[in-house]
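See below for the structure under consideration.
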Amino acid sequence: MSIPQSGGGPITSENQLAEYLESGCKPREDWRIGTEHEKFGYCKDTHKPLPYAGERSILAVLEGLRDLHGWAPVEENGNLIGLEKDGANVSLEPGGQLELSGAPLESIHETCDEVNAHLADVKSIADKVGVGFIGLGAAPEWSYEDMPMMPKGRYKLMTEYMDRVGSMGKSMMYRTCTVQVNLDFSSEADMVQKLRVALALQPVATALFANSPFFEGKPNGHKSWRSRVWRDLDPDRTGMLPFVFEDGFGFEAWAQYALDVPMYFVYRDGKYIDALGQSFRDFLKGELPALPGETPTLSDWADHLTTIFPEARIKKFMEMRGADGGPWRRLCALPAFWVGLMYDQSSLDAAWDMVKGWDADTREALRVAASEQALDAKVNGLDMHELAREAVAISEAGLKARARPGAGGMIADETHFLNALKESIETGQVPADELLAKYNGEWNETLSPIYAEYSY
């Protein structure tokens, strides 16, 4: 989850809220790719999740990255809770999931190099202290009570609030992992087209990357349990956002939607002030109960935007949020999939042609079916396997058109990063299918082998 935002001056007009979003528009030559991925840490001998502090802990890994690999520390109340270097940061999710938020990079080649270097650095430290890291969409065995809470004020507030608004908020916070990509837009019209495609095709990404068929030690009836968790978290801040597809949608409509999302907090002087359930609209009027008489800054607005969790969202850029965490090949495949669809106009137009006839009920049904059945899903005459085949083909064409070479020009473009997805298209099998086959076969309905076989 996001670190506190900074650098925003006072908000003197509500117009500044949409203008803040619009200020993210960039010319095509300045478009970048920012990949984020989360992973679970565990003790190799017990398979238990890592505590924050101790010899085998999240803190030990953060300190190793700081001391051995030149990362600058990020602290909260004297606790090391993150790292920064070269435009990237390492942060902690609520249950100790370790997240790399990558630097804005120009190509998938650079993104994959960044991912590989990060995983190698983490492994070099983890191996020394008997720790492992695994890429899955949901914790395979651990209960909520097993999970530590990282020492971040934001997470304490959110944890206390989650049970008021849904049944699975704490499961999301402490026991899920994702891989996301952040992409740019050039104009309001470009943002609108991209966001509509992103939301409509997010179920396809959920299906292709489904990697969470287990929860609390047994199959859960879904191939992406992480996606199921998000459906019962908080209806005010999640979902497929039908209003994005209405005529007239743009930055102002997003700002109005965000204003209607209840607040979590206000960040002041290094502390998170409880504003749970309060209204940013009241904040604009100086009537926020948490800070009576005070009005917000643009940093407060930026913080508030990070507390909205739909399947795709905008800030000064756009985030694709529908995929489970997974093996390293899919950490590179996720940004490749979306860059191919979004960063070539012909491919973006083809993707929009593919989805523009779907209504809100169809999009939501695809979301539900993707979490349950992945590529086997069928909704209103639509076959998820065939949708995935078409989407990956459009993405591949977009990557070919981008023609971004790698490895000193020896690799012609970025299309090979889609190979893991193309294999799923050919076999009809996503990571969850492979895991379930092993569980029901050679693992004899136990999950202890998953750690050795699927860790980074």
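Labeling convention for the structure tokens: chains A, B, ... as they appear, residues from 1 per chain, ligands from 1 in order of appearance.
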
- request: Step one, run DSSP on the backbone; step two, keep only residues of stretch 90-129 of chain A assigned to strand (DSSP E); then write them as a PyMOL selection string.
  value: chain A and resi 90-92+98-101

Tell me which protein, DNA and RNA residues are within 10 Å of A:Glu294, counting only C-alpha atoms, leaving out same-chain ones fewer than 6 positions away, and put them as a PDB file with C-alpha atoms, in the first residue's frame.
```
ATOM      1  CA  PHE A 283     -12.884  18.424   4.938  1.00  0.00           C
ATOM      2  CA  LEU A 284     -13.082  20.869   2.022  1.00  0.00           C
ATOM      3  CA  LYS A 285     -15.501  22.991   4.056  1.00  0.00           C
ATOM      4  CA  GLY A 286     -13.316  22.912   7.179  1.00  0.00           C
ATOM      5  CA  GLU A 287     -15.861  20.700   8.917  1.00  0.00           C
ATOM      6  CA  LEU A 288     -13.968  17.404   9.252  1.00  0.00           C
TER       7      LEU A 288
END
```

From stretch 208-449 of chain A, collect each residue whose DSSP state is helix (DSSP H, G or I) and return the set as a tab-separated table (two decimals) with N, CA and C atoms, in the first residue's frame.
```tsv
chain	number	residue	atom	x	y	z
A	208	LEU	N	-6.10	-15.17	-16.26
A	208	LEU	CA	-4.77	-15.59	-16.71
A	208	LEU	C	-3.77	-15.71	-15.56
A	225	TRP	N	-8.80	-16.82	-5.20
A	225	TRP	CA	-9.45	-16.43	-3.96
A	225	TRP	C	-9.18	-14.96	-3.64
A	226	ARG	N	-8.02	-14.46	-4.04
A	226	ARG	CA	-7.73	-13.03	-3.84
A	226	ARG	C	-8.82	-12.19	-4.49
A	227	SER	N	-9.22	-12.53	-5.72
A	227	SER	CA	-10.28	-11.78	-6.38
A	227	SER	C	-11.60	-11.90	-5.62
A	228	ARG	N	-11.90	-13.08	-5.11
A	228	ARG	CA	-13.12	-13.26	-4.31
A	228	ARG	C	-13.10	-12.37	-3.06
A	229	VAL	N	-11.96	-12.29	-2.42
A	229	VAL	CA	-11.83	-11.45	-1.22
A	229	VAL	C	-12.19	-10.00	-1.51
A	230	TRP	N	-11.72	-9.49	-2.65
A	230	TRP	CA	-11.98	-8.09	-2.98
A	230	TRP	C	-13.46	-7.81	-3.21
A	242	PRO	N	-19.38	1.00	-12.92
A	242	PRO	CA	-20.18	1.22	-14.14
A	242	PRO	C	-20.20	2.68	-14.60
A	243	PHE	N	-20.06	3.65	-13.68
A	243	PHE	CA	-20.15	5.06	-14.10
A	243	PHE	C	-19.04	5.47	-15.05
A	244	VAL	N	-17.94	4.71	-15.05
A	244	VAL	CA	-16.82	5.02	-15.96
A	244	VAL	C	-17.25	4.87	-17.42
A	245	PHE	N	-18.27	4.05	-17.67
A	245	PHE	CA	-18.72	3.79	-19.04
A	245	PHE	C	-19.86	4.71	-19.47
A	251	PHE	N	-12.12	13.30	-15.79
A	251	PHE	CA	-11.43	13.56	-14.53
A	251	PHE	C	-12.40	14.10	-13.46
A	252	GLU	N	-13.32	14.97	-13.86
A	252	GLU	CA	-14.24	15.54	-12.89
A	252	GLU	C	-15.14	14.46	-12.30
A	253	ALA	N	-15.60	13.54	-13.12
A	253	ALA	CA	-16.45	12.46	-12.62
A	253	ALA	C	-15.69	11.58	-11.64
A	254	TRP	N	-14.41	11.33	-11.93
A	254	TRP	CA	-13.61	10.53	-10.99
A	254	TRP	C	-13.43	11.28	-9.67
A	255	ALA	N	-13.19	12.58	-9.75
A	255	ALA	CA	-13.03	13.37	-8.53
A	255	ALA	C	-14.30	13.31	-7.69
A	256	GLN	N	-15.47	13.41	-8.33
A	256	GLN	CA	-16.72	13.37	-7.58
A	256	GLN	C	-16.93	11.99	-6.95
A	257	TYR	N	-16.58	10.93	-7.68
A	257	TYR	CA	-16.65	9.57	-7.12
A	257	TYR	C	-15.74	9.47	-5.90
A	258	ALA	N	-14.51	9.95	-6.02
A	258	ALA	CA	-13.56	9.85	-4.91
A	258	ALA	C	-14.04	10.65	-3.70
A	259	LEU	N	-14.68	11.78	-3.94
A	259	LEU	CA	-15.21	12.57	-2.83
A	259	LEU	C	-16.28	11.81	-2.05
A	260	ASP	N	-16.98	10.92	-2.71
A	260	ASP	CA	-18.04	10.15	-2.05
A	260	ASP	C	-17.51	8.92	-1.32
A	280	PHE	N	-14.57	13.65	2.82
A	280	PHE	CA	-13.64	14.63	2.26
A	280	PHE	C	-14.38	15.91	1.87
A	281	ARG	N	-15.65	15.78	1.53
A	281	ARG	CA	-16.43	16.99	1.22
A	281	ARG	C	-16.50	17.90	2.45
A	282	ASP	N	-16.69	17.30	3.63
A	282	ASP	CA	-16.67	18.09	4.86
A	282	ASP	C	-15.29	18.69	5.11
A	283	PHE	N	-14.26	17.94	4.79
A	283	PHE	CA	-12.88	18.42	4.94
A	283	PHE	C	-12.69	19.69	4.10
A	284	LEU	N	-13.21	19.69	2.88
A	284	LEU	CA	-13.08	20.87	2.02
A	284	LEU	C	-13.75	22.10	2.63
A	298	LEU	N	-3.34	19.37	-1.21
A	298	LEU	CA	-3.32	18.39	-2.30
A	298	LEU	C	-2.66	17.08	-1.87
A	299	SER	N	-1.77	17.12	-0.90
A	299	SER	CA	-1.20	15.88	-0.37
A	299	SER	C	-2.28	15.04	0.30
A	300	ASP	N	-3.20	15.70	1.02
A	300	ASP	CA	-4.31	14.96	1.62
A	300	ASP	C	-5.18	14.31	0.55
A	301	TRP	N	-5.42	15.04	-0.54
A	301	TRP	CA	-6.19	14.49	-1.66
A	301	TRP	C	-5.46	13.30	-2.27
A	302	ALA	N	-4.15	13.44	-2.46
A	302	ALA	CA	-3.38	12.32	-3.01
A	302	ALA	C	-3.43	11.11	-2.09
A	303	ASP	N	-3.34	11.34	-0.77
A	303	ASP	CA	-3.47	10.23	0.18
A	303	ASP	C	-4.84	9.58	0.07
A	304	HIS	N	-5.87	10.39	-0.01
A	304	HIS	CA	-7.24	9.85	-0.09
A	304	HIS	C	-7.41	8.98	-1.33
A	305	LEU	N	-6.83	9.39	-2.45
A	305	LEU	CA	-6.94	8.61	-3.69
A	305	LEU	C	-6.32	7.23	-3.54
A	328	TRP	N	7.97	-15.63	-11.07
A	328	TRP	CA	8.67	-14.48	-11.65
A	328	TRP	C	8.30	-14.25	-13.10
A	329	ARG	N	8.04	-15.28	-13.88
A	329	ARG	CA	7.70	-15.05	-15.30
A	329	ARG	C	6.44	-14.23	-15.43
A	330	ARG	N	5.49	-14.44	-14.52
A	330	ARG	CA	4.26	-13.67	-14.59
A	330	ARG	C	4.41	-12.26	-14.01
A	331	LEU	N	5.44	-12.04	-13.21
A	331	LEU	CA	5.73	-10.68	-12.76
A	331	LEU	C	6.15	-9.81	-13.93
A	332	CYS	N	6.76	-10.41	-14.93
A	332	CYS	CA	7.11	-9.68	-16.16
A	332	CYS	C	5.97	-9.71	-17.17
A	333	ALA	N	5.19	-10.78	-17.15
A	333	ALA	CA	4.11	-10.92	-18.13
A	333	ALA	C	2.98	-9.93	-17.89
A	334	LEU	N	2.73	-9.59	-16.62
A	334	LEU	CA	1.61	-8.68	-16.32
A	334	LEU	C	1.82	-7.31	-16.94
A	335	PRO	N	2.96	-6.65	-16.71
A	335	PRO	CA	3.15	-5.37	-17.40
A	335	PRO	C	3.19	-5.52	-18.91
A	336	ALA	N	3.75	-6.61	-19.42
A	336	ALA	CA	3.78	-6.80	-20.87
A	336	ALA	C	2.37	-6.88	-21.44
A	337	PHE	N	1.50	-7.60	-20.78
A	337	PHE	CA	0.11	-7.75	-21.23
A	337	PHE	C	-0.56	-6.38	-21.36
A	338	TRP	N	-0.45	-5.56	-20.32
A	338	TRP	CA	-1.14	-4.28	-20.34
A	338	TRP	C	-0.46	-3.24	-21.21
A	339	VAL	N	0.85	-3.25	-21.25
A	339	VAL	CA	1.55	-2.30	-22.13
A	339	VAL	C	1.20	-2.58	-23.58
A	340	GLY	N	1.16	-3.85	-23.96
A	340	GLY	CA	0.79	-4.19	-25.33
A	340	GLY	C	-0.60	-3.72	-25.69
A	341	LEU	N	-1.52	-3.77	-24.72
A	341	LEU	CA	-2.89	-3.32	-24.97
A	341	LEU	C	-3.03	-1.81	-24.95
A	342	MET	N	-2.24	-1.13	-24.12
A	342	MET	CA	-2.49	0.28	-23.83
A	342	MET	C	-1.57	1.26	-24.54
A	345	GLN	N	-1.83	2.60	-30.14
A	345	GLN	CA	-3.20	3.05	-30.37
A	345	GLN	C	-4.03	2.03	-31.13
A	346	SER	N	-3.43	1.38	-32.11
A	346	SER	CA	-4.20	0.37	-32.86
A	346	SER	C	-4.65	-0.76	-31.96
A	347	SER	N	-3.78	-1.19	-31.05
A	347	SER	CA	-4.15	-2.26	-30.12
A	347	SER	C	-5.18	-1.78	-29.12
A	348	LEU	N	-5.04	-0.54	-28.64
A	348	LEU	CA	-6.03	0.00	-27.71
A	348	LEU	C	-7.40	0.07	-28.38
A	349	ASP	N	-7.43	0.52	-29.63
A	349	ASP	CA	-8.69	0.57	-30.37
A	349	ASP	C	-9.28	-0.83	-30.55
A	350	ALA	N	-8.42	-1.81	-30.85
A	350	ALA	CA	-8.90	-3.18	-31.02
A	350	ALA	C	-9.44	-3.74	-29.71
A	351	ALA	N	-8.77	-3.42	-28.61
A	351	ALA	CA	-9.25	-3.88	-27.30
A	351	ALA	C	-10.61	-3.25	-26.97
A	352	TRP	N	-10.77	-1.97	-27.30
A	352	TRP	CA	-12.05	-1.31	-27.04
A	352	TRP	C	-13.15	-1.91	-27.92
A	353	ASP	N	-12.83	-2.19	-29.17
A	353	ASP	CA	-13.81	-2.85	-30.04
A	353	ASP	C	-14.24	-4.19	-29.45
A	354	MET	N	-13.32	-4.86	-28.80
A	354	MET	CA	-13.59	-6.17	-28.22
A	354	MET	C	-14.61	-6.09	-27.08
A	355	VAL	N	-14.57	-5.01	-26.29
A	355	VAL	CA	-15.34	-4.96	-25.04
A	355	VAL	C	-16.49	-3.95	-25.05
A	360	ALA	N	-22.85	-3.52	-17.96
A	360	ALA	CA	-22.30	-3.59	-16.61
A	360	ALA	C	-22.51	-4.98	-16.00
A	361	ASP	N	-23.67	-5.58	-16.25
A	361	ASP	CA	-23.93	-6.90	-15.69
A	361	ASP	C	-22.96	-7.94	-16.25
A	362	THR	N	-22.65	-7.83	-17.54
A	362	THR	CA	-21.72	-8.77	-18.15
A	362	THR	C	-20.32	-8.59	-17.58
A	363	ARG	N	-19.89	-7.35	-17.44
A	363	ARG	CA	-18.55	-7.10	-16.88
A	363	ARG	C	-18.45	-7.66	-15.47
A	364	GLU	N	-19.47	-7.46	-14.66
A	364	GLU	CA	-19.45	-7.97	-13.28
A	364	GLU	C	-19.51	-9.50	-13.27
A	365	ALA	N	-20.31	-10.07	-14.13
A	365	ALA	CA	-20.38	-11.54	-14.19
A	365	ALA	C	-19.05	-12.14	-14.61
A	366	LEU	N	-18.35	-11.49	-15.53
A	366	LEU	CA	-17.02	-11.96	-15.92
A	366	LEU	C	-16.06	-11.90	-14.75
A	367	ARG	N	-16.16	-10.84	-13.96
A	367	ARG	CA	-15.29	-10.71	-12.79
A	367	ARG	C	-15.51	-11.88	-11.83
A	368	VAL	N	-16.76	-12.18	-11.54
A	368	VAL	CA	-17.08	-13.27	-10.62
A	368	VAL	C	-16.61	-14.61	-11.19
A	369	ALA	N	-16.92	-14.86	-12.45
A	369	ALA	CA	-16.58	-16.14	-13.07
A	369	ALA	C	-15.08	-16.32	-13.18
A	370	ALA	N	-14.34	-15.25	-13.42
A	370	ALA	CA	-12.88	-15.35	-13.50
A	370	ALA	C	-12.30	-15.82	-12.18
A	371	SER	N	-12.82	-15.30	-11.07
A	371	SER	CA	-12.28	-15.71	-9.78
A	371	SER	C	-12.59	-17.17	-9.49
A	372	GLU	N	-13.71	-17.65	-9.97
A	372	GLU	CA	-14.11	-19.02	-9.69
A	372	GLU	C	-13.47	-20.03	-10.64
A	373	GLN	N	-13.47	-19.72	-11.93
A	373	GLN	CA	-13.15	-20.74	-12.93
A	373	GLN	C	-11.97	-20.39	-13.83
A	374	ALA	N	-11.43	-19.18	-13.71
A	374	ALA	CA	-10.31	-18.74	-14.56
A	374	ALA	C	-10.67	-18.92	-16.03
A	375	LEU	N	-9.83	-19.60	-16.79
A	375	LEU	CA	-10.06	-19.70	-18.23
A	375	LEU	C	-11.24	-20.59	-18.60
A	376	ASP	N	-11.77	-21.34	-17.64
A	376	ASP	CA	-12.93	-22.20	-17.92
A	376	ASP	C	-14.25	-21.45	-17.81
A	384	MET	N	-14.20	-17.32	-21.64
A	384	MET	CA	-13.03	-16.64	-21.10
A	384	MET	C	-11.74	-17.08	-21.79
A	385	HIS	N	-11.66	-18.35	-22.13
A	385	HIS	CA	-10.46	-18.84	-22.81
A	385	HIS	C	-10.27	-18.10	-24.15
A	386	GLU	N	-11.36	-17.94	-24.88
A	386	GLU	CA	-11.27	-17.25	-26.16
A	386	GLU	C	-11.04	-15.74	-25.98
A	387	LEU	N	-11.63	-15.16	-24.94
A	387	LEU	CA	-11.36	-13.75	-24.64
A	387	LEU	C	-9.88	-13.55	-24.33
A	388	ALA	N	-9.32	-14.46	-23.55
A	388	ALA	CA	-7.90	-14.36	-23.22
A	388	ALA	C	-7.03	-14.52	-24.46
A	389	ARG	N	-7.41	-15.46	-25.32
A	389	ARG	CA	-6.65	-15.65	-26.56
A	389	ARG	C	-6.64	-14.37	-27.39
A	390	GLU	N	-7.81	-13.74	-27.51
A	390	GLU	CA	-7.91	-12.52	-28.30
A	390	GLU	C	-7.14	-11.38	-27.65
A	391	ALA	N	-7.27	-11.23	-26.33
A	391	ALA	CA	-6.60	-10.14	-25.64
A	391	ALA	C	-5.08	-10.28	-25.72
A	392	VAL	N	-4.58	-11.49	-25.56
A	392	VAL	CA	-3.12	-11.70	-25.64
A	392	VAL	C	-2.63	-11.45	-27.06
A	393	ALA	N	-3.41	-11.84	-28.05
A	393	ALA	CA	-3.02	-11.57	-29.44
A	393	ALA	C	-2.97	-10.07	-29.72
A	394	ILE	N	-3.94	-9.32	-29.21
A	394	ILE	CA	-3.93	-7.87	-29.38
A	394	ILE	C	-2.72	-7.26	-28.68
A	395	SER	N	-2.45	-7.75	-27.47
A	395	SER	CA	-1.28	-7.26	-26.73
A	395	SER	C	0.01	-7.56	-27.48
A	396	GLU	N	0.13	-8.75	-28.02
A	396	GLU	CA	1.34	-9.11	-28.76
A	396	GLU	C	1.53	-8.19	-29.96
A	397	ALA	N	0.44	-7.88	-30.65
A	397	ALA	CA	0.55	-6.96	-31.78
A	397	ALA	C	1.01	-5.58	-31.32
A	398	GLY	N	0.51	-5.15	-30.17
A	398	GLY	CA	0.92	-3.86	-29.64
A	398	GLY	C	2.39	-3.82	-29.26
A	399	LEU	N	2.89	-4.90	-28.68
A	399	LEU	CA	4.31	-4.96	-28.32
A	399	LEU	C	5.19	-5.01	-29.56
A	400	LYS	N	4.73	-5.72	-30.58
A	400	LYS	CA	5.49	-5.72	-31.85
A	400	LYS	C	5.54	-4.32	-32.43
A	401	ALA	N	4.42	-3.62	-32.40
A	401	ALA	CA	4.39	-2.27	-32.95
A	401	ALA	C	5.28	-1.31	-32.16
A	402	ARG	N	5.37	-1.50	-30.85
A	402	ARG	CA	6.27	-0.68	-30.03
A	402	ARG	C	7.73	-0.89	-30.42
A	407	ALA	N	18.52	-6.33	-24.64
A	407	ALA	CA	19.78	-7.09	-24.67
A	407	ALA	C	20.69	-6.63	-25.80
A	408	GLY	N	20.94	-5.33	-25.82
A	408	GLY	CA	21.87	-4.79	-26.82
A	408	GLY	C	21.38	-4.93	-28.25
A	409	GLY	N	20.07	-5.00	-28.42
A	409	GLY	CA	19.50	-5.13	-29.76
A	409	GLY	C	19.34	-6.55	-30.22
A	415	THR	N	7.76	-9.00	-27.01
A	415	THR	CA	6.70	-10.00	-27.10
A	415	THR	C	7.00	-11.27	-26.32
A	416	HIS	N	8.28	-11.62	-26.13
A	416	HIS	CA	8.59	-12.88	-25.45
A	416	HIS	C	8.16	-12.87	-23.99
A	417	PHE	N	7.91	-11.68	-23.43
A	417	PHE	CA	7.43	-11.62	-22.05
A	417	PHE	C	6.00	-12.14	-21.92
A	418	LEU	N	5.33	-12.32	-23.02
A	418	LEU	CA	3.98	-12.90	-23.00
A	418	LEU	C	3.99	-14.42	-23.06
A	419	ASN	N	5.16	-15.04	-23.15
A	419	ASN	CA	5.21	-16.49	-23.37
A	419	ASN	C	4.48	-17.28	-22.30
A	420	ALA	N	4.58	-16.86	-21.05
A	420	ALA	CA	3.88	-17.59	-19.99
A	420	ALA	C	2.37	-17.57	-20.21
A	421	LEU	N	1.86	-16.44	-20.70
A	421	LEU	CA	0.43	-16.34	-20.97
A	421	LEU	C	0.05	-17.15	-22.20
A	422	LYS	N	0.89	-17.14	-23.20
A	422	LYS	CA	0.61	-17.93	-24.40
A	422	LYS	C	0.59	-19.42	-24.08
A	423	GLU	N	1.43	-19.84	-23.15
A	423	GLU	CA	1.39	-21.24	-22.73
A	423	GLU	C	0.07	-21.57	-22.05
A	424	SER	N	-0.44	-20.64	-21.24
A	424	SER	CA	-1.74	-20.86	-20.62
A	424	SER	C	-2.85	-20.92	-21.66
A	425	ILE	N	-2.75	-20.08	-22.69
A	425	ILE	CA	-3.73	-20.11	-23.76
A	425	ILE	C	-3.70	-21.47	-24.47
A	426	GLU	N	-2.52	-21.98	-24.73
A	426	GLU	CA	-2.40	-23.26	-25.44
A	426	GLU	C	-2.92	-24.43	-24.61
A	427	THR	N	-2.62	-24.42	-23.31
A	427	THR	CA	-2.97	-25.57	-22.47
A	427	THR	C	-4.31	-25.41	-21.77
A	431	PRO	N	-1.82	-20.86	-13.37
A	431	PRO	CA	-1.10	-21.38	-12.20
A	431	PRO	C	-1.98	-22.11	-11.19
A	432	ALA	N	-3.20	-21.63	-10.96
A	432	ALA	CA	-4.07	-22.30	-10.00
A	432	ALA	C	-4.37	-23.73	-10.42
A	433	ASP	N	-4.54	-23.97	-11.71
A	433	ASP	CA	-4.81	-25.33	-12.18
A	433	ASP	C	-3.63	-26.25	-11.89
A	434	GLU	N	-2.42	-25.75	-12.10
A	434	GLU	CA	-1.23	-26.54	-11.81
A	434	GLU	C	-1.14	-26.85	-10.32
A	435	LEU	N	-1.40	-25.85	-9.48
A	435	LEU	CA	-1.34	-26.08	-8.04
A	435	LEU	C	-2.38	-27.10	-7.59
A	436	LEU	N	-3.59	-27.00	-8.10
A	436	LEU	CA	-4.63	-27.95	-7.71
A	436	LEU	C	-4.29	-29.37	-8.17
A	437	ALA	N	-3.70	-29.49	-9.36
A	437	ALA	CA	-3.31	-30.82	-9.85
A	437	ALA	C	-2.26	-31.44	-8.92
A	438	LYS	N	-1.32	-30.63	-8.47
A	438	LYS	CA	-0.29	-31.16	-7.56
A	438	LYS	C	-0.89	-31.51	-6.20
A	439	TYR	N	-1.77	-30.66	-5.71
A	439	TYR	CA	-2.40	-30.92	-4.42
A	439	TYR	C	-3.17	-32.24	-4.44
A	440	ASN	N	-3.91	-32.45	-5.53
A	440	ASN	CA	-4.73	-33.67	-5.63
A	440	ASN	C	-3.94	-34.88	-6.09
A	449	PRO	N	4.60	-29.04	0.53
A	449	PRO	CA	5.59	-28.95	-0.56
A	449	PRO	C	5.55	-27.64	-1.34
```

field: From A:Gly64, A:Gly322, A:Gly153, A:Gly250, residue lying nearest A:Glu22 [only C-alpha atoms]
entry: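 Among the listed residues, the smallest separation from A:Glu22 belongs to A:Gly250.
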
query: Using only C-alpha atoms, which residues sit within 12 Å of A:Leu105 once same-chain residues fewer than 2 positions away are excluded, as number ranges by chain?
result: A: 29-35, 86-88, 101-103, 107-115, 181-184, 335, 339

How would the residues just picked look written out with N, CA and C atoms as a short mmCIF file (atom, residue, chain, number, x, y, z; two decimals), in the first residue's frame?
```
data_model
loop_
_atom_site.label_atom_id
_atom_site.label_comp_id
_atom_site.auth_asym_id
_atom_site.auth_seq_id
_atom_site.Cartn_x
_atom_site.Cartn_y
_atom_site.Cartn_z
N GLU A 29 5.94 10.20 -25.65
CA GLU A 29 7.37 9.91 -25.47
C GLU A 29 7.78 9.87 -24.00
N ASP A 30 6.93 10.39 -23.11
CA ASP A 30 7.23 10.36 -21.68
C ASP A 30 6.49 9.27 -20.93
N TRP A 31 5.73 8.43 -21.64
CA TRP A 31 5.03 7.34 -20.97
C TRP A 31 6.04 6.35 -20.39
N ARG A 32 5.74 5.87 -19.19
CA ARG A 32 6.62 4.94 -18.51
C ARG A 32 5.81 3.75 -17.98
N ILE A 33 6.52 2.78 -17.42
CA ILE A 33 5.94 1.54 -16.91
C ILE A 33 6.42 1.37 -15.47
N GLY A 34 5.50 1.30 -14.54
CA GLY A 34 5.85 1.07 -13.15
C GLY A 34 5.19 -0.19 -12.64
N THR A 35 5.99 -1.19 -12.31
CA THR A 35 5.46 -2.50 -11.89
C THR A 35 5.59 -2.67 -10.38
N ASP A 86 16.68 5.07 -6.37
CA ASP A 86 16.60 5.21 -7.83
C ASP A 86 15.17 5.21 -8.36
N GLY A 87 14.27 5.91 -7.65
CA GLY A 87 12.90 6.02 -8.11
C GLY A 87 12.01 4.85 -7.76
N ALA A 88 12.55 3.83 -7.09
CA ALA A 88 11.77 2.67 -6.65
C ALA A 88 11.66 2.70 -5.14
N SER A 101 7.79 -1.52 -5.35
CA SER A 101 7.14 -0.58 -6.26
C SER A 101 8.22 -0.03 -7.16
N GLY A 102 8.26 -0.53 -8.39
CA GLY A 102 9.38 -0.27 -9.26
C GLY A 102 9.44 1.17 -9.76
N ALA A 103 10.60 1.55 -10.23
CA ALA A 103 10.80 2.87 -10.82
C ALA A 103 10.04 2.97 -12.14
N SER A 107 10.78 0.34 -20.76
CA SER A 107 10.49 -0.91 -21.48
C SER A 107 10.27 -2.05 -20.50
N ILE A 108 9.66 -3.13 -21.00
CA ILE A 108 9.48 -4.33 -20.19
C ILE A 108 10.84 -4.98 -19.94
N HIS A 109 11.78 -4.84 -20.86
CA HIS A 109 13.12 -5.37 -20.62
C HIS A 109 13.68 -4.78 -19.33
N GLU A 110 13.57 -3.47 -19.16
CA GLU A 110 14.08 -2.82 -17.96
C GLU A 110 13.28 -3.25 -16.73
N THR A 111 11.98 -3.37 -16.90
CA THR A 111 11.12 -3.80 -15.79
C THR A 111 11.51 -5.18 -15.31
N CYS A 112 11.73 -6.10 -16.24
CA CYS A 112 12.06 -7.47 -15.86
C CYS A 112 13.45 -7.53 -15.24
N ASP A 113 14.39 -6.74 -15.74
CA ASP A 113 15.70 -6.67 -15.11
C ASP A 113 15.58 -6.18 -13.66
N GLU A 114 14.73 -5.19 -13.45
CA GLU A 114 14.51 -4.66 -12.10
C GLU A 114 13.93 -5.73 -11.18
N VAL A 115 12.92 -6.44 -11.66
CA VAL A 115 12.30 -7.50 -10.88
C VAL A 115 13.32 -8.57 -10.52
N VAL A 181 0.53 -3.07 -12.56
CA VAL A 181 1.33 -2.19 -13.39
C VAL A 181 0.66 -0.82 -13.44
N ASN A 182 1.49 0.21 -13.39
CA ASN A 182 1.04 1.60 -13.46
C ASN A 182 1.44 2.17 -14.80
N LEU A 183 0.47 2.76 -15.50
CA LEU A 183 0.70 3.26 -16.85
C LEU A 183 0.22 4.70 -16.98
N ASP A 184 0.70 5.38 -18.00
CA ASP A 184 0.40 6.79 -18.21
C ASP A 184 -0.70 6.98 -19.26
N PRO A 335 2.96 -6.65 -16.71
CA PRO A 335 3.15 -5.37 -17.40
C PRO A 335 3.19 -5.52 -18.91
N VAL A 339 0.85 -3.25 -21.25
CA VAL A 339 1.55 -2.30 -22.13
C VAL A 339 1.20 -2.58 -23.58
#
```
